[in-house]
$ cat final_32.txt   # compact mmCIF, C-alpha atoms
# COMPACT_ATOMS: atom_id res chain seq x y z
CA MET H 1 41.76 190.31 149.97
CA ASN H 2 45.07 191.82 151.11
CA ASP H 3 44.68 190.02 154.43
CA ILE H 4 44.40 186.68 152.59
CA LYS H 5 47.38 187.55 150.41
CA GLU H 6 49.38 188.26 153.57
CA MET H 7 48.41 184.86 154.99
CA TYR H 8 49.80 183.19 151.88
CA ARG H 9 52.97 185.28 152.16
CA LEU H 10 53.43 184.08 155.73
CA SER H 11 53.05 180.53 154.36
CA GLY H 12 55.94 181.08 151.97
CA VAL H 13 53.99 181.94 148.81
CA SER H 14 55.37 185.03 147.05
CA SER H 15 53.18 187.83 145.76
CA ASP H 16 53.88 186.86 142.15
CA VAL H 17 52.85 183.23 142.73
CA TYR H 18 49.72 184.25 144.64
CA GLU H 19 48.59 186.70 141.93
CA PHE H 20 49.24 184.13 139.20
CA GLY H 21 47.16 181.57 141.07
CA LEU H 22 44.38 184.08 141.72
CA LYS H 23 44.10 184.86 138.01
CA ILE H 24 43.79 181.14 137.16
CA GLU H 25 41.22 180.63 139.93
CA GLU H 26 39.02 183.45 138.64
CA GLU H 27 39.04 181.90 135.17
CA LEU H 28 37.80 178.59 136.63
CA ALA H 29 34.67 179.96 138.32
CA GLU H 30 32.25 178.19 135.95
CA ARG H 31 34.14 174.88 136.18
CA PHE H 32 34.03 175.05 139.96
CA LYS H 33 30.30 175.75 139.89
CA ASN H 34 29.72 172.58 137.85
CA ILE H 35 31.79 170.56 140.33
CA ASP H 36 29.57 171.87 143.12
CA VAL H 37 26.44 170.78 141.23
CA THR H 38 27.76 167.21 141.00
CA ALA H 39 28.67 167.27 144.69
CA GLU H 40 25.17 168.42 145.62
CA TYR H 41 23.63 165.58 143.62
CA ASN H 42 25.88 163.01 145.27
CA GLN H 43 25.27 164.51 148.70
CA MET H 44 21.57 163.93 148.21
CA LYS H 45 22.26 160.36 147.04
CA VAL H 46 24.26 159.60 150.19
CA ILE H 47 21.70 161.15 152.53
CA GLY H 48 18.90 159.28 150.73
CA ALA H 49 20.69 155.93 151.17
CA MET H 50 21.28 156.61 154.87
CA GLN H 51 17.67 157.59 155.43
CA LYS H 52 16.31 154.62 153.47
CA ASN H 53 18.28 152.23 155.68
CA LYS H 54 17.29 154.06 158.88
CA VAL H 55 20.81 154.85 160.06
CA ALA H 56 20.59 155.46 163.80
CA GLU H 57 22.94 156.44 166.62
CA ASN H 58 23.20 152.85 167.80
CA HIS H 59 24.83 151.98 164.46
CA PHE H 60 27.93 153.84 165.68
CA ASN H 61 28.48 151.29 168.43
CA THR H 62 31.45 148.97 168.22
CA SER H 63 31.98 145.23 168.24
CA THR H 64 34.94 143.05 169.13
CA GLY H 65 35.95 139.43 168.74
CA TYR H 66 33.95 137.64 166.10
CA GLY H 67 31.78 140.67 165.43
CA TYR H 68 28.55 138.71 165.37
CA ASN H 69 25.36 140.80 165.05
CA ASP H 70 27.15 144.07 164.32
CA ASP H 71 24.12 145.99 163.07
CA GLY H 72 26.11 149.13 162.32
CA ARG H 73 28.47 147.23 160.04
CA ASP H 74 25.65 145.41 158.28
CA THR H 75 23.60 148.59 157.79
CA LEU H 76 26.60 150.44 156.38
CA GLU H 77 26.94 147.72 153.76
CA LEU H 78 23.30 148.22 152.80
CA VAL H 79 23.97 151.96 152.48
CA TYR H 80 26.93 151.32 150.16
CA ALA H 81 24.88 148.91 148.05
CA ASP H 82 22.18 151.56 147.62
CA ILE H 83 24.67 154.31 146.73
CA PHE H 84 26.31 152.09 144.09
CA HIS H 85 22.98 150.58 142.98
CA THR H 86 24.22 147.04 143.57
CA GLU H 87 22.72 143.95 145.18
CA ALA H 88 25.24 143.84 148.02
CA ALA H 89 28.45 145.34 149.40
CA LEU H 90 31.36 144.39 151.63
CA VAL H 91 32.73 147.35 153.64
CA ARG H 92 35.34 146.35 156.20
CA PRO H 93 38.25 147.74 158.24
CA GLN H 94 39.94 144.37 157.68
CA ILE H 95 40.58 145.48 154.07
CA THR H 96 43.91 147.24 154.46
CA CYS H 97 44.16 149.19 151.20
CA GLY H 98 42.96 149.39 147.60
CA THR H 99 45.40 146.70 146.46
CA HIS H 100 44.10 144.36 149.17
CA ALA H 101 40.50 145.03 148.13
CA LEU H 102 41.35 144.30 144.50
CA TYR H 103 43.22 141.11 145.37
CA THR H 104 40.29 139.97 147.50
CA ALA H 105 37.88 140.50 144.59
CA LEU H 106 40.15 138.80 142.04
CA ALA H 107 41.04 135.82 144.21
CA SER H 108 37.43 135.29 145.26
CA VAL H 109 36.26 134.74 141.67
CA LEU H 110 39.23 133.20 139.87
CA ARG H 111 40.13 129.52 140.16
CA PRO H 112 43.07 127.45 138.84
CA GLY H 113 42.84 127.25 135.06
CA ASP H 114 40.94 130.54 134.72
CA GLU H 115 42.30 133.54 132.86
CA LEU H 116 42.18 137.19 133.88
CA LEU H 117 41.99 139.73 131.07
CA SER H 118 42.89 143.40 131.25
CA PRO H 119 41.51 145.10 128.12
CA ALA H 120 42.83 148.48 129.25
CA GLY H 121 46.58 147.94 129.23
CA GLY H 122 48.83 147.13 132.15
CA PRO H 123 47.61 147.31 135.74
CA TYR H 124 48.76 149.61 138.55
CA ASP H 125 52.26 148.80 139.82
CA THR H 126 51.19 147.07 143.03
CA LEU H 127 48.93 144.66 141.13
CA GLU H 128 51.82 143.32 139.06
CA GLU H 129 52.92 141.12 141.96
CA VAL H 130 49.32 140.25 142.84
CA ILE H 131 48.75 138.94 139.31
CA GLY H 132 52.22 137.47 138.88
CA ILE H 133 53.50 139.75 136.12
CA ARG H 134 56.38 140.29 138.52
CA GLN H 135 57.13 137.13 140.45
CA SER H 136 55.85 137.13 144.01
CA LYS H 137 54.88 134.52 146.56
CA GLY H 138 51.14 133.93 146.68
CA SER H 139 50.42 135.57 143.32
CA LEU H 140 47.49 134.48 141.17
CA ALA H 141 50.00 132.94 138.78
CA GLU H 142 51.19 130.59 141.54
CA TYR H 143 47.64 129.25 141.72
CA GLY H 144 47.53 128.47 138.02
CA ILE H 145 45.59 131.58 137.01
CA SER H 146 46.84 133.05 133.73
CA TYR H 147 46.81 136.68 132.68
CA ARG H 148 46.42 138.42 129.37
CA GLN H 149 46.27 142.11 128.53
CA VAL H 150 45.38 144.20 125.51
CA ASP H 151 47.31 147.45 125.30
CA LEU H 152 45.52 150.69 124.59
CA LEU H 153 45.63 152.40 121.22
CA SER H 154 48.02 155.31 120.73
CA ASP H 155 45.20 157.76 121.50
CA GLY H 156 44.40 156.04 124.80
CA GLY H 157 41.29 154.29 123.48
CA PHE H 158 40.37 150.62 123.71
CA ASP H 159 41.58 148.30 120.94
CA TYR H 160 38.27 146.50 120.38
CA ASP H 161 39.61 144.27 117.60
CA LYS H 162 42.40 142.93 119.81
CA ILE H 163 40.01 142.57 122.74
CA ARG H 164 37.71 140.41 120.62
CA GLU H 165 40.70 138.17 119.78
CA ALA H 166 41.82 138.00 123.43
CA VAL H 167 38.53 136.84 124.95
CA ASN H 168 38.48 133.04 124.99
CA GLY H 169 36.95 130.08 126.78
CA ARG H 170 39.23 130.48 129.79
CA THR H 171 38.46 134.19 130.26
CA LYS H 172 36.67 134.19 133.60
CA MET H 173 37.18 137.78 134.68
CA VAL H 174 37.94 141.18 133.18
CA THR H 175 39.63 143.89 135.23
CA ILE H 176 39.31 147.56 134.29
CA GLN H 177 41.31 150.24 136.09
CA ARG H 178 39.37 153.49 135.96
CA SER H 179 42.18 155.80 137.03
CA LYS H 180 45.55 156.11 135.31
CA GLY H 181 47.80 154.95 138.17
CA TYR H 182 51.39 155.76 137.24
CA ALA H 183 50.64 155.60 133.51
CA SER H 184 50.46 158.57 131.14
CA ARG H 185 47.02 157.75 129.79
CA PRO H 186 43.61 159.34 130.20
CA THR H 187 41.35 158.23 133.02
CA PHE H 188 38.35 156.36 131.64
CA SER H 189 34.92 157.91 131.91
CA VAL H 190 32.08 155.86 133.36
CA GLU H 191 30.44 155.92 129.93
CA ASP H 192 33.60 154.55 128.27
CA ILE H 193 33.78 151.79 130.86
CA GLY H 194 30.13 150.94 130.21
CA ARG H 195 30.74 150.60 126.47
CA LEU H 196 33.76 148.36 127.11
CA ILE H 197 31.79 146.12 129.48
CA ALA H 198 28.91 145.83 127.01
CA PHE H 199 31.36 144.86 124.26
CA VAL H 200 33.08 142.18 126.35
CA LYS H 201 29.76 140.73 127.49
CA SER H 202 28.51 140.63 123.90
CA ILE H 203 31.37 138.20 123.25
CA LYS H 204 31.15 136.24 126.52
CA PRO H 205 28.03 137.08 128.57
CA ASP H 206 29.10 135.19 131.70
CA VAL H 207 32.45 136.98 132.13
CA VAL H 208 32.77 138.85 135.45
CA CYS H 209 33.70 142.51 134.95
CA MET H 210 35.46 144.19 137.87
CA VAL H 211 36.29 147.90 137.97
CA ASP H 212 39.04 149.39 140.10
CA ASN H 213 37.11 152.49 141.15
CA CYS H 214 39.86 154.09 143.25
CA TYR H 215 39.95 157.91 143.02
CA GLY H 216 36.76 157.97 140.95
CA GLU H 217 33.93 157.76 143.49
CA PHE H 218 31.57 160.78 143.50
CA VAL H 219 33.42 162.52 140.67
CA ASP H 220 30.38 161.89 138.46
CA ILE H 221 26.71 161.31 139.25
CA ILE H 222 27.00 157.68 138.08
CA GLU H 223 29.41 154.90 139.01
CA PRO H 224 30.70 151.92 136.99
CA SER H 225 28.12 149.72 138.71
CA ASP H 226 25.45 151.80 136.95
CA VAL H 227 26.79 150.77 133.54
CA GLY H 228 27.21 147.03 133.91
CA ALA H 229 30.17 146.40 136.23
CA ASP H 230 29.64 143.21 138.25
CA MET H 231 32.02 144.39 140.98
CA VAL H 232 33.35 147.85 141.88
CA VAL H 233 36.26 148.08 144.27
CA GLY H 234 37.86 150.91 146.23
CA SER H 235 39.68 152.12 149.31
CA LEU H 236 38.15 154.04 152.21
CA ILE H 237 41.27 156.18 152.65
CA LYS H 238 40.48 157.62 149.25
CA ASN H 239 37.25 159.34 148.13
CA PRO H 240 34.48 157.43 149.94
CA GLY H 241 36.12 157.68 153.37
CA GLY H 242 35.85 161.46 153.29
CA GLY H 243 39.14 161.85 155.14
CA LEU H 244 37.69 160.37 158.34
CA ALA H 245 37.88 156.61 157.69
CA PRO H 246 41.13 155.45 159.35
CA CYS H 247 41.42 152.34 157.20
CA GLY H 248 39.28 149.95 155.16
CA GLY H 249 37.97 149.22 151.71
CA TYR H 250 34.81 148.24 149.90
CA ILE H 251 33.61 145.82 147.24
CA ALA H 252 30.11 146.33 145.85
CA GLY H 253 28.31 144.27 143.24
CA ARG H 254 26.27 141.15 142.56
CA LYS H 255 25.20 139.34 145.70
CA ASP H 256 26.81 136.02 144.75
CA LEU H 257 30.13 137.72 144.01
CA ILE H 258 30.11 139.70 147.25
CA GLU H 259 29.47 136.46 149.13
CA LEU H 260 32.56 134.97 147.48
CA ALA H 261 34.58 138.06 148.37
CA ALA H 262 33.51 137.78 152.01
CA TYR H 263 34.59 134.14 152.10
CA ARG H 264 37.98 135.09 150.65
CA LEU H 265 38.51 138.06 152.99
CA LEU H 266 37.34 136.34 156.17
CA SER H 267 36.79 132.57 155.98
CA PRO H 268 34.82 129.99 154.02
CA GLY H 269 31.66 129.16 155.93
CA LEU H 270 31.79 132.39 157.95
CA GLY H 271 31.78 135.17 155.35
CA LYS H 272 29.96 138.39 156.19
CA GLU H 273 28.75 137.11 159.56
CA VAL H 274 32.11 137.81 161.20
CA GLY H 275 34.46 140.79 161.31
CA ALA H 276 34.45 143.17 164.26
CA SER H 277 34.06 146.88 163.48
CA LEU H 278 36.48 147.82 166.30
CA GLY H 279 35.10 151.30 166.86
CA VAL H 280 35.35 152.65 163.29
CA ASN H 281 31.65 152.62 162.39
CA ARG H 282 31.09 156.28 163.26
CA SER H 283 34.09 157.36 161.17
CA PHE H 284 32.95 155.20 158.24
CA TYR H 285 29.45 156.70 158.28
CA GLN H 286 30.52 160.29 158.85
CA GLY H 287 33.31 160.07 156.28
CA LEU H 288 30.88 158.71 153.70
CA PHE H 289 28.48 161.55 154.52
CA LEU H 290 31.24 164.12 153.86
CA ALA H 291 32.70 162.33 150.85
CA PRO H 292 30.83 164.19 148.06
CA MET H 293 32.00 167.60 149.32
CA VAL H 294 35.53 166.39 150.13
CA THR H 295 35.79 164.91 146.64
CA ALA H 296 34.62 168.22 145.17
CA GLY H 297 37.43 170.06 146.97
CA ALA H 298 39.98 167.59 145.64
CA LEU H 299 38.55 167.94 142.12
CA LYS H 300 38.88 171.71 142.24
CA GLY H 301 42.50 171.28 143.29
CA ALA H 302 43.16 168.92 140.37
CA VAL H 303 41.59 171.32 137.85
CA PHE H 304 43.52 174.23 139.37
CA ALA H 305 46.81 172.31 139.15
CA ALA H 306 46.18 171.33 135.53
CA ASN H 307 45.58 174.92 134.50
CA ILE H 308 48.49 176.32 136.52
CA PHE H 309 51.10 174.01 135.05
CA GLU H 310 49.64 173.84 131.56
CA ARG H 311 49.87 177.64 131.40
CA LEU H 312 53.58 177.29 132.27
CA GLY H 313 54.22 174.90 129.39
CA TYR H 314 54.15 171.52 131.14
CA LYS H 315 52.37 168.50 129.75
CA VAL H 316 49.48 167.74 132.09
CA ILE H 317 47.17 164.72 132.08
CA PRO H 318 44.29 165.41 131.84
CA ASP H 319 44.64 168.83 130.25
CA GLY H 320 43.19 171.96 131.75
CA ASN H 321 39.94 171.83 129.79
CA ALA H 322 39.22 168.10 129.98
CA LYS H 323 36.19 166.70 131.74
CA ARG H 324 37.32 165.06 134.97
CA HIS H 325 36.83 161.35 135.71
CA ASP H 326 39.01 161.08 138.85
CA ILE H 327 40.81 163.34 141.32
CA ILE H 328 44.36 162.67 140.10
CA GLN H 329 46.35 165.26 138.18
CA ALA H 330 49.58 164.23 136.45
CA VAL H 331 52.30 166.73 135.53
CA GLU H 332 55.34 165.65 133.51
CA LEU H 333 58.29 167.41 135.17
CA LYS H 334 61.04 165.84 132.99
CA ASN H 335 63.75 165.54 135.66
CA PRO H 336 64.18 164.16 139.20
CA LYS H 337 65.14 167.52 140.72
CA ALA H 338 61.82 169.02 139.65
CA LEU H 339 59.91 165.98 140.93
CA GLU H 340 61.55 166.30 144.34
CA ALA H 341 60.93 170.07 144.44
CA PHE H 342 57.23 169.65 143.64
CA CYS H 343 56.82 167.05 146.38
CA LEU H 344 58.70 169.26 148.86
CA GLY H 345 56.22 172.07 148.17
CA ILE H 346 53.27 169.76 148.84
CA GLN H 347 54.89 168.49 152.04
CA ASN H 348 55.54 172.03 153.25
CA ALA H 349 51.83 172.82 152.80
CA ALA H 350 50.72 169.94 155.04
CA PRO H 351 49.13 170.38 158.50
CA VAL H 352 51.08 167.30 159.69
CA ASP H 353 54.85 166.72 159.20
CA SER H 354 55.20 169.94 157.19
CA PHE H 355 58.83 170.24 158.34
CA LEU H 356 59.93 166.96 156.75
CA THR H 357 61.63 166.50 153.37
CA PRO H 358 60.24 163.67 151.21
CA LEU H 359 62.91 161.42 149.69
CA PRO H 360 62.72 158.59 147.14
CA TRP H 361 62.67 155.09 148.63
CA ASP H 362 62.09 151.44 147.73
CA MET H 363 58.38 151.35 148.50
CA PRO H 364 56.90 147.82 148.82
CA GLY H 365 55.11 146.65 145.69
CA TYR H 366 56.77 149.11 143.29
CA GLU H 367 59.45 148.33 140.72
CA SER H 368 60.98 151.84 140.75
CA GLN H 369 61.83 154.02 143.72
CA VAL H 370 58.91 156.25 144.68
CA ILE H 371 58.87 159.71 146.24
CA MET H 372 55.78 160.54 148.22
CA ALA H 373 54.67 163.77 149.90
CA ALA H 374 51.82 163.32 152.36
CA GLY H 375 51.41 165.15 155.63
CA ALA H 376 48.15 163.43 156.46
CA PHE H 377 46.00 162.79 159.52
CA ILE H 378 45.50 159.22 158.23
CA SER H 379 48.67 157.47 157.11
CA GLY H 380 48.63 156.90 153.35
CA SER H 381 45.33 158.73 152.87
CA SER H 382 45.34 160.00 149.29
CA ILE H 383 42.07 161.87 149.61
CA GLU H 384 44.17 164.16 151.78
CA LEU H 385 46.61 166.49 150.02
CA SER H 386 49.41 164.37 148.58
CA ALA H 387 51.76 164.00 145.64
CA ASP H 388 53.92 161.12 144.55
CA GLY H 389 55.65 159.61 141.57
CA PRO H 390 58.12 156.95 140.50
CA LEU H 391 61.73 157.93 139.89
CA ARG H 392 61.68 157.15 136.18
CA GLU H 393 61.22 159.10 132.97
CA PRO H 394 59.37 161.33 132.26
CA TYR H 395 59.45 162.04 136.02
CA THR H 396 55.74 162.57 136.30
CA VAL H 397 54.24 163.74 139.58
CA PHE H 398 50.74 162.60 140.49
CA PHE H 399 48.90 165.15 142.61
CA GLN H 400 45.65 164.36 144.38
CA GLY H 401 43.48 165.13 147.34
CA GLY H 402 42.88 167.99 149.70
CA LEU H 403 40.16 167.68 152.32
CA THR H 404 39.23 171.26 151.45
CA TRP H 405 39.67 173.25 148.26
CA TYR H 406 41.66 175.86 150.16
CA HIS H 407 44.22 173.32 151.30
CA ALA H 408 44.55 171.95 147.78
CA LYS H 409 45.07 175.51 146.51
CA LEU H 410 47.80 176.16 149.07
CA GLY H 411 49.55 172.92 148.14
CA ILE H 412 49.64 173.78 144.43
CA LEU H 413 50.93 177.29 145.07
CA LYS H 414 53.60 175.93 147.43
CA ALA H 415 54.62 173.36 144.79
CA LEU H 416 54.92 176.13 142.20
CA GLN H 417 56.93 178.22 144.65
CA ALA H 418 59.26 175.29 145.35
CA LEU H 419 59.90 174.80 141.63
CA ILE H 420 60.76 178.50 141.30
CA ASP H 421 63.04 178.38 144.34
CA ALA H 422 64.79 175.31 142.89
CA GLY H 423 65.46 177.17 139.63
CA GLU H 424 63.14 174.91 137.61
CA ILE H 425 60.76 177.74 136.65
CA ASP H 426 61.68 181.34 135.84
CA ILE H 427 59.51 183.61 137.95
CA ASN H 428 59.22 185.95 134.95
CA CYS H 429 57.03 183.30 133.31
CA LEU H 430 54.27 184.28 135.74
CA LYS H 431 54.04 187.82 134.40

$ encode --input "final_32.txt" --output "structure tokens"
Amino acid sequence: MNDIKEMYRLSGVSSDVYEFGLKIEEELAERFKNIDVTAEYNQMKVIGAMQKNKVAENHFNTSTGYGYNDDGRDTLELVYADIFHTEAALVRPQITCGTHALYTALASVLRPGDELLSPAGGPYDTLEEVIGIRQSKGSLAEYGISYRQVDLLSDGGFDYDKIREAVNGRTKMVTIQRSKGYASRPTFSVEDIGRLIAFVKSIKPDVVCMVDNCYGEFVDIIEPSDVGADMVVGSLIKNPGGGLAPCGGYIAGRKDLIELAAYRLLSPGLGKEVGASLGVNRSFYQGLFLAPMVTAGALKGAVFAANIFERLGYKVIPDGNAKRHDIIQAVELKNPKALEAFCLGIQNAAPVDSFLTPLPWDMPGYESQVIMAAGAFISGSSIELSADGPLREPYTVFFQGGLTWYHAKLGILKALQALIDAGEIDINCLK
């Protein structure tokens, strides 16, 4: 044990910070055991889907040009469909990020004159320009697609009365964001999402319900597609890529809707038949295989962070005892100096670019300046250890990722150490 403590000291973590973290970790033993049980279940689910679809070494081959007859790509999409219990899936490196995947899904279903409804409050910052809440060229609003939202109740629950009033004849699609984004609200459980979908469909059965599943995959043993979602959407540089996918995204759901998404992403008339895999098939398969265990490590880090900072008096979302529905942990730091110190600690814990200092900048798609700490093997990969937040009150940092639990642990302890070094936390509070 002393040898491990010395390794942390050499990494810049003081004895007091290490001992404080060790005490919290020991208290979380039962929570961590339950996370491992979920990971084991999901590992079996992934292996079962790969075996059912007879994944073979030749599926790791690449394709170029049009990508016709790419059996590895097509089989991977069957694997995703089986994991999410859907009729079909679209899994492509041509999807650049989660926002792109969401736009593809929205634009594939909605037509001029249709209305998009968000019954769960405002969307993530980058979707504001996609929808047209903030003016942007090419937004859905420019194509005559209207938008309506129903804000959440003060306790973070759904306002079912207002939702009933909002659904109308033009409501073609409902979008539900599972994770909190940069909002100070709870992440929705899969069960809560299922109840919301059932309610909306009881009013208008033909409405298409899409769930932004980013940061939520493999956190539970069920996914939104198991409780009525017509489309589930995510990024491969988050949970399902397992830290190995270098790019890409997925859309899984009803076969007719996935066909529309393929036409929007690629081309009408061509759809899923084209799209070269460009050598990423092996990484997509292997990352998916590792994803349940990688997600478990990130979850342990999130629970650890919640309990560390809650014990020190910070408001954390979710709280230290809450059941987890995604890998993101929010901590309200109250001032920009503390936000920058936290991110510096995370950056200093990174295996890549650990010597850099993260600074706020005008990040594309965001209304406020954003500070982002991420020393990652894959640029922008938020299943890897990272922390970020907008420069606005209450100066909340959003911590996520860690390809291993041990790296997540180091990042949290380094963030705590950075806050102490910056004078934001009195070291005597650790006693």

$ closest_residue --input "final_32.txt" --among "H:Val303, H:Glu165, H:Asn69, H:Ala298" --to "Arg31 of chain H" --atoms "all atoms listed in the file"
H:Val303

$ residues_around --input "final_32.txt" --residues "Leu117 of chain H" --least-positions-apart "3" --cutoff "9 Å" --atoms "all atoms listed in the file" --output "PyMOL selection string"
chain H and resi 120+146-150+166-167+171-176

$ write_last_selection --input "final_32.txt" --atoms "C-alpha atoms" --output "tab-separated table (two decimals), in the coordinates of the input"
chain	number	residue	atom	x	y	z
H	120	ALA	CA	42.83	148.48	129.25
H	146	SER	CA	46.84	133.05	133.73
H	147	TYR	CA	46.81	136.68	132.68
H	148	ARG	CA	46.42	138.42	129.37
H	149	GLN	CA	46.27	142.11	128.53
H	150	VAL	CA	45.38	144.20	125.51
H	166	ALA	CA	41.82	138.00	123.43
H	167	VAL	CA	38.53	136.84	124.95
H	171	THR	CA	38.46	134.19	130.26
H	172	LYS	CA	36.67	134.19	133.60
H	173	MET	CA	37.18	137.78	134.68
H	174	VAL	CA	37.94	141.18	133.18
H	175	THR	CA	39.63	143.89	135.23
H	176	ILE	CA	39.31	147.56	134.29

$ closest_residue --input "final_32.txt" --among "H:Asn53, H:Asn58, H:Asn239, H:Asn213" --to "Thr99 of chain H" --atoms "only C-alpha atoms"
H:Asn213

$ atom_distance --input "final_32.txt" --atom1 "atom CA of Met210 of chain H" --atom2 "atom CA of Asp230 of chain H"
5.9 Å

$ closest_residue --input "final_32.txt" --among "H:Gly234, H:Asn34, H:Val274, H:Asp319" --to "Ala262 of chain H" --atoms "only C-alpha atoms"
H:Val274

$ closest_residue --input "final_32.txt" --among "H:Glu259, H:Asp159, H:Asp74, H:Asp206" --to "Ser108 of chain H" --atoms "only C-alpha atoms"
H:Glu259

$ atom_distance --input "final_32.txt" --atom1 "atom CA of Glu19 of chain H" --atom2 "atom CA of Asn335 of chain H"
26.8 Å

$ residues_near_point --input "final_32.txt" --point "(50.7, 166.3, 150.1)" --cutoff "9 Å" --atoms "all atoms listed in the file" --output "PDB file with C-alpha atoms, in the frame of the given file"
ATOM      1  CA  CYS H 343      56.820 167.050 146.380  1.00  0.00           C
ATOM      2  CA  LEU H 344      58.700 169.260 148.860  1.00  0.00           C
ATOM      3  CA  GLY H 345      56.220 172.070 148.170  1.00  0.00           C
ATOM      4  CA  ILE H 346      53.270 169.760 148.840  1.00  0.00           C
ATOM      5  CA  GLN H 347      54.890 168.490 152.040  1.00  0.00           C
ATOM      6  CA  ASN H 348      55.540 172.030 153.250  1.00  0.00           C
ATOM      7  CA  ALA H 349      51.830 172.820 152.800  1.00  0.00           C
ATOM      8  CA  ALA H 350      50.720 169.940 155.040  1.00  0.00           C
ATOM      9  CA  MET H 372      55.780 160.540 148.220  1.00  0.00           C
ATOM     10  CA  ALA H 373      54.670 163.770 149.900  1.00  0.00           C
ATOM     11  CA  ALA H 374      51.820 163.320 152.360  1.00  0.00           C
ATOM     12  CA  GLY H 375      51.410 165.150 155.630  1.00  0.00           C
ATOM     13  CA  ALA H 376      48.150 163.430 156.460  1.00  0.00           C
ATOM     14  CA  SER H 382      45.340 160.000 149.290  1.00  0.00           C
ATOM     15  CA  GLU H 384      44.170 164.160 151.780  1.00  0.00           C
ATOM     16  CA  LEU H 385      46.610 166.490 150.020  1.00  0.00           C
ATOM     17  CA  SER H 386      49.410 164.370 148.580  1.00  0.00           C
ATOM     18  CA  ALA H 387      51.760 164.000 145.640  1.00  0.00           C
ATOM     19  CA  ASP H 388      53.920 161.120 144.550  1.00  0.00           C
ATOM     20  CA  PHE H 399      48.900 165.150 142.610  1.00  0.00           C
ATOM     21  CA  GLN H 400      45.650 164.360 144.380  1.00  0.00           C
ATOM     22  CA  GLY H 401      43.480 165.130 147.340  1.00  0.00           C
ATOM     23  CA  GLY H 402      42.880 167.990 149.700  1.00  0.00           C
ATOM     24  CA  ALA H 408      44.550 171.950 147.780  1.00  0.00           C
ATOM     25  CA  GLY H 411      49.550 172.920 148.140  1.00  0.00           C
TER      26      GLY H 411
END

$ residues_around --input "final_32.txt" --residues "segment 85-95 of chain H" --least-positions-apart "4" --cutoff "10 Å" --atoms "only C-alpha atoms" --output "PyMOL selection string"
chain H and resi 73-74+76-81+99-102+104+222-226+229-236+245-259+261-262+265-266+271-272+275-281+284

$ write_last_selection --input "final_32.txt" --atoms "C-alpha atoms" --output "tab-separated table (two decimals), keeping the file's coordinate frame"
chain	number	residue	atom	x	y	z
H	73	ARG	CA	28.47	147.23	160.04
H	74	ASP	CA	25.65	145.41	158.28
H	76	LEU	CA	26.60	150.44	156.38
H	77	GLU	CA	26.94	147.72	153.76
H	78	LEU	CA	23.30	148.22	152.80
H	79	VAL	CA	23.97	151.96	152.48
H	80	TYR	CA	26.93	151.32	150.16
H	81	ALA	CA	24.88	148.91	148.05
H	99	THR	CA	45.40	146.70	146.46
H	100	HIS	CA	44.10	144.36	149.17
H	101	ALA	CA	40.50	145.03	148.13
H	102	LEU	CA	41.35	144.30	144.50
H	104	THR	CA	40.29	139.97	147.50
H	222	ILE	CA	27.00	157.68	138.08
H	223	GLU	CA	29.41	154.90	139.01
H	224	PRO	CA	30.70	151.92	136.99
H	225	SER	CA	28.12	149.72	138.71
H	226	ASP	CA	25.45	151.80	136.95
H	229	ALA	CA	30.17	146.40	136.23
H	230	ASP	CA	29.64	143.21	138.25
H	231	MET	CA	32.02	144.39	140.98
H	232	VAL	CA	33.35	147.85	141.88
H	233	VAL	CA	36.26	148.08	144.27
H	234	GLY	CA	37.86	150.91	146.23
H	235	SER	CA	39.68	152.12	149.31
H	236	LEU	CA	38.15	154.04	152.21
H	245	ALA	CA	37.88	156.61	157.69
H	246	PRO	CA	41.13	155.45	159.35
H	247	CYS	CA	41.42	152.34	157.20
H	248	GLY	CA	39.28	149.95	155.16
H	249	GLY	CA	37.97	149.22	151.71
H	250	TYR	CA	34.81	148.24	149.90
H	251	ILE	CA	33.61	145.82	147.24
H	252	ALA	CA	30.11	146.33	145.85
H	253	GLY	CA	28.31	144.27	143.24
H	254	ARG	CA	26.27	141.15	142.56
H	255	LYS	CA	25.20	139.34	145.70
H	256	ASP	CA	26.81	136.02	144.75
H	257	LEU	CA	30.13	137.72	144.01
H	258	ILE	CA	30.11	139.70	147.25
H	259	GLU	CA	29.47	136.46	149.13
H	261	ALA	CA	34.58	138.06	148.37
H	262	ALA	CA	33.51	137.78	152.01
H	265	LEU	CA	38.51	138.06	152.99
H	266	LEU	CA	37.34	136.34	156.17
H	271	GLY	CA	31.78	135.17	155.35
H	272	LYS	CA	29.96	138.39	156.19
H	275	GLY	CA	34.46	140.79	161.31
H	276	ALA	CA	34.45	143.17	164.26
H	277	SER	CA	34.06	146.88	163.48
H	278	LEU	CA	36.48	147.82	166.30
H	279	GLY	CA	35.10	151.30	166.86
H	280	VAL	CA	35.35	152.65	163.29
H	281	ASN	CA	31.65	152.62	162.39
H	284	PHE	CA	32.95	155.20	158.24

$ residues_around --input "final_32.txt" --residues "segment 138-142 of chain H" --least-positions-apart "6" --cutoff "8 Å" --atoms "all atoms listed in the file" --output "VMD selection string"
chain H and resid 107 129 to 132

$ write_last_selection --input "final_32.txt" --atoms "C-alpha atoms" --output "CSV table (one decimal), keeping the file's coordinate frame"
chain,number,residue,atom,x,y,z
H,107,ALA,CA,41.0,135.8,144.2
H,129,GLU,CA,52.9,141.1,142.0
H,130,VAL,CA,49.3,140.2,142.8
H,131,ILE,CA,48.8,138.9,139.3
H,132,GLY,CA,52.2,137.5,138.9

$ atom_distance --input "final_32.txt" --atom1 "atom CA of Tyr124 of chain H" --atom2 "atom CA of Gly389 of chain H"
12.5 Å
